[in-house]
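Below is one structure, written out as structure tokens; the observations come after it.
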2 protein chains.
Amino acid sequence: MNIDSLISANEQWMNAVEPPCPVILSSRIRLARNLVKYPFPGWANPSQRQELLATLCDALCRLPEMKEATVLSVAELSELEKLVLVERHLMSRELSGASAGAGMVISKNQNFAVMINEEDHLRLQVMQNGFKLDEIWTLIDNLDSGIERQVEYAFSPELGYLTACPTNVGTGMRASVMMHLPGLVLIEHMEKVIRALNQLGLAVRGVLGEGSEASGSVFQISNQQTLGESEVDIIHRLSNVLRTIIQQEKNARQKLFESNSRKILDKIGRSYGALQNAHLLTSSESMNLLSLMRLAVDMQLLPEDRRGLIDRLFIDSQPGHIQYNAHGDVEPSRRDALRADLMRTHFNTLPPLNFSNRS
Amino acid sequence: MNIDSLISANEQWMNAVEPPCPVILSSRIRLARNLVKYPFPGWANPSQRQELLATLCDALCRLPEMKEATVLSVAELSELEKLVLVERHLMSRELSGASAGAGMVISKNQNFAVMINEEDHLRLQVMQNGFKLDEIWTLIDNLDSGIERQVEYAFSPELGYLTACPTNVGTGMRASVMMHLPGLVLIEHMEKVIRALNQLGLAVRGVLGEGSEASGSVFQISNQQTLGESEVDIIHRLSNVLRTIIQQEKNARQKLFESNSRKILDKIGRSYGALQNAHLLTSSESMNLLSLMRLAVDMQLLPEDRRGLIDRLFIDSQPGHIQYNAHGDVEPSRRDALRADLMRTHFNTLPPLNFSNRS
């Protein structure tokens with residue numbers, strides 16, 4: 001499978017999730033692992049990194065999860081291809097700038113993505129739609145064991161898995177979810193929520209990862225601690241906190257709707273109208289409009305079966321995807337035109353908003 | 001005919017005009033006349049005004065133009081009914097605040113509206129869609145002669161018709177058109193145009209008459225001079241200037257479209273989307289959105305046969321009409337909701353904007 005078919009594939013993790021999950025968009029777990037025989041990528045020389053890449057690609061391709069996987073060498077990818085992979089959360093920004101020996105193995109359904117010679121020798125990642133941390137823990141634990149049967153991991157009985165950066169030592173695990181929190185944003189409670197999450201040892205970031213703004217009311221929430229607690233305990237504790245936030249978001253929406261339903265319907269309606277009719281759309285406006293369309297599905301103003309399309313457009317409206325689909329570099333103003341065309345095409349196939357039981 | 005049926009009637013002057021006129025919405029001529037036997041309304045006592053009202057209603061109702069006309073006594077109208085008549089340009093604000101003896105006679109098709117005991121004894125008005133100053137001059141001239149056969153006008157062979165205010169002495173005529181000039185507004189040439197018109201002795205006002213802002217890029221342009229020139233000469237000179245402005249507006253639209261068609265289509269598209277989906281609309285936003293919909297018809301993005309609906313909504317979305325149709329006083333925020341409901345209802349019956357030959 002090559003990069004083209006990988007990008008155009010209708011990936012399982014972007015499609016409908018059962019049961020529908022109004023607040024949590026997707027769940028992700030990544031594990032950092034290193035081999036005992038090699039220096040960390042930052043200290044290894046190019047030939048060591050190349051050797052490691054070959055070894056690990058070999059080991060990965062033997063696993064049942066990686067049947068028909070795509071194997072990528074970062075050096076052979078164009079800047080645009082790398083940007084697209086970053087926008088899909090398959091590749092980290094760090095790997096996209098890495099030198100010799102940097103590579104990826106991505107499973108056919110794109111649930112599994114393994115980066116090689118990023119900060120650590122291996123960064124395993126499993127991602128799925130909805131609130132599924134328990135399920136994907138099982139999946140990534142199996143993948144991890146499959147690799148460990150073939151290579152020797154750097155492991156200390158006292159500390160756990162050894163990693164290039166001390167913040168990952170121990171489990172090497174980062175469990176995260178993407179949450180859609182327009183209600184908490186609109187009632188201006190997000191700052192308070194973020195402070196509370198930080199006090200619980202959880203990190204909160206905007207939709208595009210570290211350092212990015214939270215466009216479209218989408219936030220990534222993850223554990224920070226990797227030491228002194230088992231993986232299952234970390235996931236259990238994180239999940240409990242997430243359930244509280246889901247409830248707070250639902251309360252916020254209810255409160256908003258009861259205090260001024262017209263205002264919410266007006267906001268959603270105008271967003272829908274803009275997506276159907278605009279001829280210029282920036283990336284950040286698109287995110288905000290799509291965010292309100294997701295809220296429209298949650299409020300049954302749009303049919304549930306269109307949720308997948310909206311989630312897909314969150315991905316496809318990003319600058320890299322717009323350019324990739326136009327087959328090359330495109331300047332920002334032309335991108336805004338293409339993005340508006342994409343939205344018009346899709347939103348004009350949608351039924352009108354069903355305000356009948358809401359007005 | 002009572003006021004209810006007058007307001008709900010589908011007036012001829014609001015309906016389609018042949019051939020379609022993209023820049024001039026409507027034409028209007030009014031004549032100020034006074035009877036020789038009575039003091040001007042401002043000097044007359046209530047019983048004189050009442051007597052004059054009866055005399056003039058009688059005379060008017062004998063005319064063929066006024067068959068099945070509506071005869072209104074201002075004192076018997078509610079504030080809301082008066083506001084509706086003002087919003088339709090049938091009644092002046094001054095008459096709506098007038099005391100004893102103030103009245104109106106409005107023809108069945110609402111083309112002819114005569115105010116009695118406003119500033120002058122008689123204010124005759126003829127109004128029609130499109131650019132029709134010549135036609136309506138003939139109509140109002142006939143109406144005027146019909147009245148003059150029954151009463152004696154205050155007329156000086158030297159000065160012409162005598163009026164309460166010296167600015168109307170002579171012809172007593174004010175000829176005006178409503179022009180839709182979004183192109184000149186968008187390229188920011190309106191200030192220059194207004195200065196030039198003033199220098200030519202023409203007055204420019206916003207859509208709601210004297211002292212109002214020009215919402216929705218609609219301007220009323222009229223002659224100021226009434227002395228020293230015949231009615232036909234005034235109309236001829238005004239028409240020549242208007243033809244120049246029509247051409248300037250067309251050039252402005254062409255220029256806008258050539259320099260950045262995306263930006264115009266984006267503006268029109270978003271307006272259409274807002275009218276189809278908003279749940280709260282102020283009066284002034286409505287005017288601006290409808291103004292862009294009229295431009296959409298001119299640009300063949302919407303079918304020509306919807307022009308009448310859009311022109312009608314310009315009238316129906318005003319505060320008085322919203323309240324009248326809701327059968328009573330309504331506070332502003334509720335009016336914004338009703339206005340949005342009205343627009344959604346009508347705009348959801350429209351076809352999608354036809355961008356095919358414009359993008």
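Just remember, in the structure tokens the first chain shown is A, the second B, etc., residues are 1-based per chain, and ligands are 1-based in the order shown.
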Closest contacts (chain A/chain B, max 7 Å, only C-alpha atoms) as a Markdown table:
| residue | atom | partner | partner_atom | distance |
| --- | --- | --- | --- | --- |
| A:Arg262 | CA | B:His279 | CA | 6.0 |
| A:Leu265 | CA | B:His279 | CA | 6.3 |
| A:Asp266 | CA | B:His279 | CA | 4.4 |
| A:Gly269 | CA | B:Asn277 | CA | 4.5 |
| A:Arg270 | CA | B:Ala274 | CA | 5.2 |
| A:Gly273 | CA | B:Gly273 | CA | 3.7 |
| A:Ala274 | CA | B:Arg270 | CA | 5.2 |
| A:Gln276 | CA | B:Gly273 | CA | 6.9 |
| A:Asn277 | CA | B:Gly269 | CA | 4.5 |
| A:Ala278 | CA | B:Asp266 | CA | 4.9 |
| A:His279 | CA | B:Asp266 | CA | 4.4 |
| A:Leu280 | CA | B:Asp266 | CA | 6.1 |
**OP:** Pull the strand (DSSP E or B) assignments for region 109-335 of chain A out of DSSP run on the backbone, and list those residues as a PyMOL selection string.
**Re:** chain A and resi 112-116+122-129+153+155-156+160-161+170+173-180+202-206+218-223
Which of region 87-297 of chain A fall in helix (DSSP H, G or I), as a compact mmCIF listing (two decimals) with N, CA, C and O atoms, in the first residue's frame:
# COMPACT_ATOMS: atom_id res chain seq x y z
N GLU A 87 -1.41 16.08 10.03
CA GLU A 87 -2.78 16.54 10.23
C GLU A 87 -3.72 15.39 10.63
O GLU A 87 -4.73 15.60 11.29
N ARG A 93 4.95 15.95 14.57
CA ARG A 93 5.74 17.00 13.92
C ARG A 93 7.22 16.70 14.04
O ARG A 93 8.00 16.98 13.14
N GLU A 94 7.61 16.13 15.19
CA GLU A 94 9.02 15.83 15.42
C GLU A 94 9.54 14.84 14.38
O GLU A 94 10.59 15.06 13.77
N LEU A 95 8.80 13.75 14.14
CA LEU A 95 9.26 12.77 13.15
C LEU A 95 9.32 13.38 11.76
O LEU A 95 10.22 13.06 10.97
N SER A 96 8.37 14.28 11.45
CA SER A 96 8.32 14.85 10.10
C SER A 96 9.58 15.68 9.81
O SER A 96 9.94 15.88 8.66
N LEU A 133 -10.83 3.77 25.48
CA LEU A 133 -9.49 3.59 26.02
C LEU A 133 -9.23 2.13 26.43
O LEU A 133 -8.14 1.60 26.19
N ASP A 134 -10.23 1.46 27.02
CA ASP A 134 -10.02 0.07 27.46
C ASP A 134 -9.73 -0.84 26.27
O ASP A 134 -8.78 -1.62 26.27
N GLU A 135 -10.56 -0.71 25.22
CA GLU A 135 -10.37 -1.56 24.04
C GLU A 135 -9.00 -1.33 23.41
O GLU A 135 -8.32 -2.28 23.04
N ILE A 136 -8.63 -0.06 23.25
CA ILE A 136 -7.38 0.16 22.53
C ILE A 136 -6.18 -0.16 23.42
O ILE A 136 -5.11 -0.46 22.91
N TRP A 137 -6.37 -0.16 24.73
CA TRP A 137 -5.27 -0.63 25.58
C TRP A 137 -4.97 -2.10 25.26
O TRP A 137 -3.81 -2.49 25.10
N THR A 138 -6.01 -2.90 25.16
CA THR A 138 -5.83 -4.31 24.81
C THR A 138 -5.10 -4.45 23.47
O THR A 138 -4.16 -5.25 23.34
N LEU A 139 -5.53 -3.63 22.48
CA LEU A 139 -4.92 -3.72 21.15
C LEU A 139 -3.44 -3.36 21.18
O LEU A 139 -2.59 -4.06 20.61
N ILE A 140 -3.09 -2.28 21.87
CA ILE A 140 -1.70 -1.82 21.84
C ILE A 140 -0.83 -2.73 22.72
O ILE A 140 0.35 -2.95 22.41
N ASP A 141 -1.44 -3.28 23.76
CA ASP A 141 -0.69 -4.20 24.63
C ASP A 141 -0.30 -5.45 23.83
O ASP A 141 0.83 -5.94 23.92
N ASN A 142 -1.22 -5.93 23.00
CA ASN A 142 -0.92 -7.09 22.14
C ASN A 142 0.16 -6.76 21.12
O ASN A 142 1.06 -7.56 20.88
N LEU A 143 0.05 -5.58 20.50
CA LEU A 143 1.05 -5.17 19.50
C LEU A 143 2.42 -5.10 20.16
O LEU A 143 3.42 -5.60 19.62
N ASP A 144 2.47 -4.49 21.33
CA ASP A 144 3.70 -4.34 22.09
C ASP A 144 4.32 -5.71 22.39
O ASP A 144 5.52 -5.92 22.18
N SER A 145 3.49 -6.65 22.83
CA SER A 145 3.99 -7.99 23.14
C SER A 145 4.52 -8.68 21.90
O SER A 145 5.54 -9.39 21.94
N GLY A 146 3.84 -8.48 20.80
CA GLY A 146 4.28 -9.07 19.53
C GLY A 146 5.67 -8.58 19.14
O GLY A 146 6.48 -9.35 18.61
N ILE A 147 5.94 -7.31 19.38
CA ILE A 147 7.27 -6.77 19.06
C ILE A 147 8.30 -7.31 20.06
O ILE A 147 9.39 -7.73 19.69
N GLU A 148 7.89 -7.33 21.33
CA GLU A 148 8.83 -7.74 22.39
C GLU A 148 9.28 -9.19 22.23
O GLU A 148 10.34 -9.57 22.73
N PRO A 166 13.08 11.74 30.29
CA PRO A 166 12.66 11.17 31.58
C PRO A 166 11.16 11.27 31.84
O PRO A 166 10.62 10.47 32.60
N THR A 167 10.47 12.19 31.19
CA THR A 167 9.02 12.31 31.44
C THR A 167 8.24 11.09 30.94
O THR A 167 7.06 10.96 31.25
N ASN A 168 8.87 10.24 30.14
CA ASN A 168 8.16 9.06 29.64
C ASN A 168 8.57 7.75 30.32
O ASN A 168 7.96 6.70 30.07
N PRO A 182 -18.10 22.38 23.05
CA PRO A 182 -18.64 23.71 22.71
C PRO A 182 -19.50 24.30 23.83
O PRO A 182 -19.53 25.51 24.02
N GLY A 183 -20.18 23.45 24.58
CA GLY A 183 -21.03 23.93 25.66
C GLY A 183 -20.20 24.64 26.73
O GLY A 183 -20.49 25.77 27.12
N LEU A 184 -19.13 23.95 27.18
CA LEU A 184 -18.27 24.55 28.21
C LEU A 184 -17.57 25.80 27.70
O LEU A 184 -17.34 26.74 28.45
N VAL A 185 -17.23 25.82 26.38
CA VAL A 185 -16.61 27.01 25.81
C VAL A 185 -17.62 28.16 25.81
O VAL A 185 -17.31 29.27 26.23
N LEU A 186 -18.86 27.88 25.37
CA LEU A 186 -19.86 28.94 25.25
C LEU A 186 -20.28 29.52 26.60
O LEU A 186 -20.56 30.70 26.71
N MET A 190 -14.36 26.83 30.31
CA MET A 190 -13.21 25.99 29.94
C MET A 190 -11.96 26.29 30.75
O MET A 190 -11.21 25.38 31.09
N GLU A 191 -11.75 27.57 31.05
CA GLU A 191 -10.53 27.91 31.81
C GLU A 191 -10.52 27.19 33.16
O GLU A 191 -9.50 26.64 33.58
N LYS A 192 -11.68 27.20 33.81
CA LYS A 192 -11.82 26.54 35.10
C LYS A 192 -11.58 25.03 34.97
O LYS A 192 -10.89 24.41 35.78
N VAL A 193 -12.16 24.44 33.89
CA VAL A 193 -12.01 23.01 33.66
C VAL A 193 -10.53 22.67 33.43
O VAL A 193 -10.01 21.69 33.97
N ILE A 194 -9.85 23.50 32.64
CA ILE A 194 -8.44 23.23 32.34
C ILE A 194 -7.61 23.30 33.62
O ILE A 194 -6.76 22.43 33.86
N ARG A 195 -7.87 24.29 34.45
CA ARG A 195 -7.14 24.39 35.72
C ARG A 195 -7.34 23.14 36.57
O ARG A 195 -6.38 22.58 37.11
N ALA A 196 -8.60 22.69 36.65
CA ALA A 196 -8.90 21.50 37.46
C ALA A 196 -8.19 20.27 36.90
O ALA A 196 -7.61 19.47 37.65
N LEU A 197 -8.17 20.13 35.57
CA LEU A 197 -7.53 18.97 34.95
C LEU A 197 -6.02 19.00 35.20
O LEU A 197 -5.41 17.96 35.49
N ASN A 198 -5.43 20.18 35.10
CA ASN A 198 -3.99 20.28 35.37
C ASN A 198 -3.67 19.87 36.80
O ASN A 198 -2.66 19.19 37.05
N GLN A 199 -4.54 20.26 37.74
CA GLN A 199 -4.30 19.88 39.14
C GLN A 199 -4.39 18.37 39.35
O GLN A 199 -3.78 17.83 40.25
N SER A 215 -9.03 25.25 18.24
CA SER A 215 -10.02 25.64 17.23
C SER A 215 -11.21 24.71 17.33
O SER A 215 -11.06 23.52 17.60
N GLY A 216 -12.37 25.25 17.09
CA GLY A 216 -13.57 24.42 17.02
C GLY A 216 -13.94 23.75 18.33
O GLY A 216 -14.62 22.74 18.33
N SER A 217 -13.50 24.29 19.45
CA SER A 217 -13.84 23.74 20.76
C SER A 217 -13.42 22.29 20.93
O SER A 217 -14.04 21.53 21.67
N GLU A 231 -0.42 0.88 33.82
CA GLU A 231 -1.15 1.39 32.67
C GLU A 231 -2.66 1.35 32.91
O GLU A 231 -3.38 2.32 32.65
N VAL A 232 -3.12 0.20 33.44
CA VAL A 232 -4.56 0.03 33.64
C VAL A 232 -5.08 1.03 34.68
O VAL A 232 -6.17 1.61 34.51
N ASP A 233 -4.29 1.30 35.72
CA ASP A 233 -4.71 2.28 36.74
C ASP A 233 -4.78 3.69 36.14
O ASP A 233 -5.71 4.44 36.43
N ILE A 234 -3.76 4.03 35.32
CA ILE A 234 -3.76 5.36 34.68
C ILE A 234 -5.01 5.54 33.83
O ILE A 234 -5.73 6.54 33.92
N ILE A 235 -5.31 4.52 33.01
CA ILE A 235 -6.48 4.59 32.11
C ILE A 235 -7.77 4.66 32.92
O ILE A 235 -8.69 5.42 32.60
N HIS A 236 -7.82 3.91 34.01
CA HIS A 236 -9.01 3.89 34.85
C HIS A 236 -9.26 5.29 35.45
O HIS A 236 -10.37 5.81 35.42
N ARG A 237 -8.18 5.88 35.98
CA ARG A 237 -8.29 7.19 36.62
C ARG A 237 -8.66 8.26 35.58
O ARG A 237 -9.55 9.08 35.79
N LEU A 238 -8.01 8.21 34.40
CA LEU A 238 -8.31 9.16 33.32
C LEU A 238 -9.78 9.04 32.89
O LEU A 238 -10.50 10.03 32.74
N SER A 239 -10.23 7.80 32.72
CA SER A 239 -11.61 7.57 32.25
C SER A 239 -12.63 8.14 33.23
O SER A 239 -13.65 8.71 32.81
N ASN A 240 -12.36 8.01 34.53
CA ASN A 240 -13.29 8.56 35.52
C ASN A 240 -13.40 10.08 35.38
O ASN A 240 -14.49 10.64 35.42
N VAL A 241 -12.23 10.73 35.20
CA VAL A 241 -12.25 12.19 35.03
C VAL A 241 -13.03 12.55 33.76
O VAL A 241 -13.84 13.48 33.75
N LEU A 242 -12.79 11.81 32.67
CA LEU A 242 -13.44 12.12 31.40
C LEU A 242 -14.96 12.00 31.51
O LEU A 242 -15.70 12.81 30.96
N ARG A 243 -15.41 11.00 32.25
CA ARG A 243 -16.87 10.84 32.43
C ARG A 243 -17.46 12.05 33.13
O ARG A 243 -18.56 12.50 32.81
N THR A 244 -16.70 12.62 34.08
CA THR A 244 -17.17 13.84 34.77
C THR A 244 -17.27 15.01 33.78
O THR A 244 -18.24 15.77 33.79
N ILE A 245 -16.26 15.13 32.90
CA ILE A 245 -16.28 16.24 31.94
C ILE A 245 -17.43 16.07 30.94
O ILE A 245 -18.10 17.03 30.59
N ILE A 246 -17.66 14.83 30.51
CA ILE A 246 -18.79 14.57 29.60
C ILE A 246 -20.08 15.08 30.25
O ILE A 246 -20.89 15.76 29.62
N GLN A 247 -20.26 14.76 31.55
CA GLN A 247 -21.47 15.20 32.23
C GLN A 247 -21.54 16.72 32.33
O GLN A 247 -22.59 17.32 32.10
N GLN A 248 -20.40 17.35 32.61
CA GLN A 248 -20.37 18.82 32.70
C GLN A 248 -20.71 19.45 31.35
O GLN A 248 -21.43 20.45 31.28
N GLU A 249 -20.19 18.87 30.28
CA GLU A 249 -20.49 19.39 28.94
C GLU A 249 -21.98 19.24 28.65
O GLU A 249 -22.62 20.17 28.12
N LYS A 250 -22.56 18.09 29.01
CA LYS A 250 -24.00 17.90 28.78
C LYS A 250 -24.82 18.92 29.58
O LYS A 250 -25.79 19.48 29.07
N ASN A 251 -24.42 19.16 30.82
CA ASN A 251 -25.12 20.15 31.64
C ASN A 251 -25.02 21.54 31.03
O ASN A 251 -26.00 22.30 31.01
N ALA A 252 -23.82 21.87 30.53
CA ALA A 252 -23.61 23.19 29.94
C ALA A 252 -24.53 23.37 28.73
O ALA A 252 -25.16 24.42 28.56
N ARG A 253 -24.64 22.34 27.89
CA ARG A 253 -25.52 22.43 26.71
C ARG A 253 -26.97 22.61 27.12
O ARG A 253 -27.71 23.42 26.55
N GLN A 254 -27.38 21.84 28.14
CA GLN A 254 -28.75 21.93 28.62
C GLN A 254 -29.05 23.34 29.13
O GLN A 254 -30.07 23.95 28.77
N LYS A 255 -28.11 23.86 29.90
CA LYS A 255 -28.24 25.20 30.48
C LYS A 255 -28.35 26.26 29.38
O LYS A 255 -29.23 27.14 29.43
N LEU A 256 -27.46 26.16 28.40
CA LEU A 256 -27.47 27.09 27.27
C LEU A 256 -28.81 27.04 26.56
O LEU A 256 -29.39 28.07 26.21
N PHE A 257 -29.28 25.85 26.33
CA PHE A 257 -30.51 25.69 25.56
C PHE A 257 -31.71 26.23 26.33
O PHE A 257 -32.59 26.87 25.75
N GLU A 258 -31.70 25.98 27.65
CA GLU A 258 -32.84 26.46 28.44
C GLU A 258 -32.83 27.98 28.58
O GLU A 258 -33.88 28.62 28.57
N SER A 259 -31.63 28.57 28.70
CA SER A 259 -31.59 30.02 28.94
C SER A 259 -31.85 30.82 27.67
O SER A 259 -32.43 31.89 27.71
N ASN A 260 -31.42 30.31 26.52
CA ASN A 260 -31.65 31.07 25.28
C ASN A 260 -31.50 30.17 24.05
O ASN A 260 -30.49 30.22 23.34
N SER A 261 -32.54 29.35 23.81
CA SER A 261 -32.45 28.39 22.71
C SER A 261 -32.31 29.09 21.36
O SER A 261 -31.60 28.63 20.48
N ARG A 262 -32.98 30.26 21.21
CA ARG A 262 -32.90 31.02 19.96
C ARG A 262 -31.45 31.33 19.59
O ARG A 262 -31.07 31.29 18.44
N LYS A 263 -30.69 31.72 20.61
CA LYS A 263 -29.31 32.15 20.37
C LYS A 263 -28.47 30.97 19.85
O LYS A 263 -27.67 31.14 18.94
N ILE A 264 -28.69 29.80 20.45
CA ILE A 264 -27.94 28.62 20.02
C ILE A 264 -28.38 28.21 18.61
O ILE A 264 -27.56 27.92 17.74
N LEU A 265 -29.71 28.18 18.39
CA LEU A 265 -30.22 27.78 17.07
C LEU A 265 -29.74 28.78 16.01
O LEU A 265 -29.41 28.40 14.89
N ASP A 266 -29.67 30.06 16.37
CA ASP A 266 -29.19 31.08 15.45
C ASP A 266 -27.73 30.81 15.09
O ASP A 266 -27.35 30.86 13.91
N LYS A 267 -26.93 30.51 16.09
CA LYS A 267 -25.50 30.24 15.88
C LYS A 267 -25.31 29.02 14.97
O LYS A 267 -24.52 29.04 14.03
N ILE A 268 -26.06 27.95 15.27
CA ILE A 268 -25.94 26.72 14.49
C ILE A 268 -26.46 26.96 13.07
O ILE A 268 -25.83 26.57 12.08
N GLY A 269 -27.60 27.63 12.97
CA GLY A 269 -28.21 27.88 11.66
C GLY A 269 -27.30 28.68 10.76
O GLY A 269 -27.06 28.32 9.60
N ARG A 270 -26.75 29.76 11.30
CA ARG A 270 -25.87 30.61 10.49
C ARG A 270 -24.61 29.84 10.05
O ARG A 270 -24.11 30.06 8.95
N SER A 271 -24.11 28.96 10.91
CA SER A 271 -22.93 28.17 10.55
C SER A 271 -23.26 27.23 9.39
O SER A 271 -22.48 27.10 8.44
N TYR A 272 -24.40 26.59 9.50
CA TYR A 272 -24.85 25.69 8.43
C TYR A 272 -24.99 26.47 7.12
O TYR A 272 -24.53 26.03 6.06
N GLY A 273 -25.62 27.64 7.20
CA GLY A 273 -25.79 28.49 6.02
C GLY A 273 -24.46 28.90 5.41
O GLY A 273 -24.32 28.95 4.19
N ALA A 274 -23.48 29.18 6.25
CA ALA A 274 -22.17 29.58 5.75
C ALA A 274 -21.48 28.40 5.07
O ALA A 274 -20.89 28.55 3.99
N LEU A 275 -21.57 27.22 5.66
CA LEU A 275 -20.92 26.05 5.05
C LEU A 275 -21.57 25.71 3.70
O LEU A 275 -20.91 25.24 2.78
N GLN A 276 -22.87 25.96 3.58
CA GLN A 276 -23.57 25.67 2.33
C GLN A 276 -23.32 26.72 1.25
O GLN A 276 -23.52 26.44 0.07
N ASN A 277 -22.91 27.93 1.63
CA ASN A 277 -22.92 29.03 0.67
C ASN A 277 -21.67 29.88 0.59
O ASN A 277 -21.57 30.71 -0.31
N SER A 283 -9.11 28.09 7.48
CA SER A 283 -9.03 26.84 8.22
C SER A 283 -9.67 26.99 9.59
O SER A 283 -10.45 26.13 10.02
N SER A 284 -9.39 28.10 10.24
CA SER A 284 -9.89 28.23 11.61
C SER A 284 -11.40 28.50 11.63
O SER A 284 -12.12 27.96 12.49
N GLU A 285 -11.93 29.26 10.67
CA GLU A 285 -13.39 29.42 10.62
C GLU A 285 -14.06 28.08 10.35
O GLU A 285 -15.09 27.74 10.95
N SER A 286 -13.49 27.29 9.42
CA SER A 286 -14.04 25.96 9.12
C SER A 286 -14.17 25.11 10.36
O SER A 286 -15.20 24.47 10.59
N MET A 287 -13.10 25.08 11.16
CA MET A 287 -13.11 24.28 12.40
C MET A 287 -14.27 24.70 13.28
O MET A 287 -14.99 23.86 13.83
N ASN A 288 -14.44 26.01 13.43
CA ASN A 288 -15.51 26.50 14.31
C ASN A 288 -16.89 26.18 13.75
O ASN A 288 -17.80 25.80 14.49
N LEU A 289 -17.05 26.30 12.43
CA LEU A 289 -18.35 25.99 11.81
C LEU A 289 -18.65 24.50 11.94
O LEU A 289 -19.76 24.10 12.29
N LEU A 290 -17.64 23.66 11.66
CA LEU A 290 -17.85 22.21 11.75
C LEU A 290 -18.15 21.80 13.19
O LEU A 290 -18.95 20.89 13.43
N SER A 291 -17.50 22.48 14.12
CA SER A 291 -17.75 22.19 15.53
C SER A 291 -19.23 22.37 15.85
O SER A 291 -19.85 21.54 16.53
N LEU A 292 -19.82 23.44 15.31
CA LEU A 292 -21.25 23.68 15.56
C LEU A 292 -22.12 22.68 14.81
O LEU A 292 -23.23 22.37 15.23
N MET A 293 -21.60 22.13 13.69
CA MET A 293 -22.36 21.09 12.97
C MET A 293 -22.38 19.79 13.76
O MET A 293 -23.36 19.04 13.75
N ARG A 294 -21.27 19.52 14.48
CA ARG A 294 -21.25 18.33 15.32
C ARG A 294 -22.28 18.49 16.45
O ARG A 294 -23.00 17.56 16.79
N LEU A 295 -22.35 19.72 16.97
CA LEU A 295 -23.36 20.03 18.00
C LEU A 295 -24.77 19.85 17.41
O LEU A 295 -25.68 19.36 18.08
N ALA A 296 -24.94 20.24 16.13
CA ALA A 296 -26.24 20.08 15.47
C ALA A 296 -26.64 18.61 15.40
O ALA A 296 -27.81 18.26 15.59
N VAL A 297 -25.67 17.72 15.13
CA VAL A 297 -25.98 16.29 15.12
C VAL A 297 -26.37 15.85 16.53
O VAL A 297 -27.37 15.15 16.72
**OP:** For Gln110 (chain B), list every protein, DNA or RNA residue within 12 Å, evaluated using only C-alpha atoms, and leave out those in the same chain fewer than 3 positions away; present the list as a VMD selection string.
**Re:** chain B and resid 1 3 5 to 15 65 to 71 85 88 to 91 104 to 107 113 to 114 125 to 129
Subject >> Contacts of Gln323 (chain A) at 10 Å (only C-alpha atoms; same-chain gap of 2+ positions) as a ChimeraX atom specification >> reply: /A:80-81,83-84,316-321,325-332,334-335,338-339
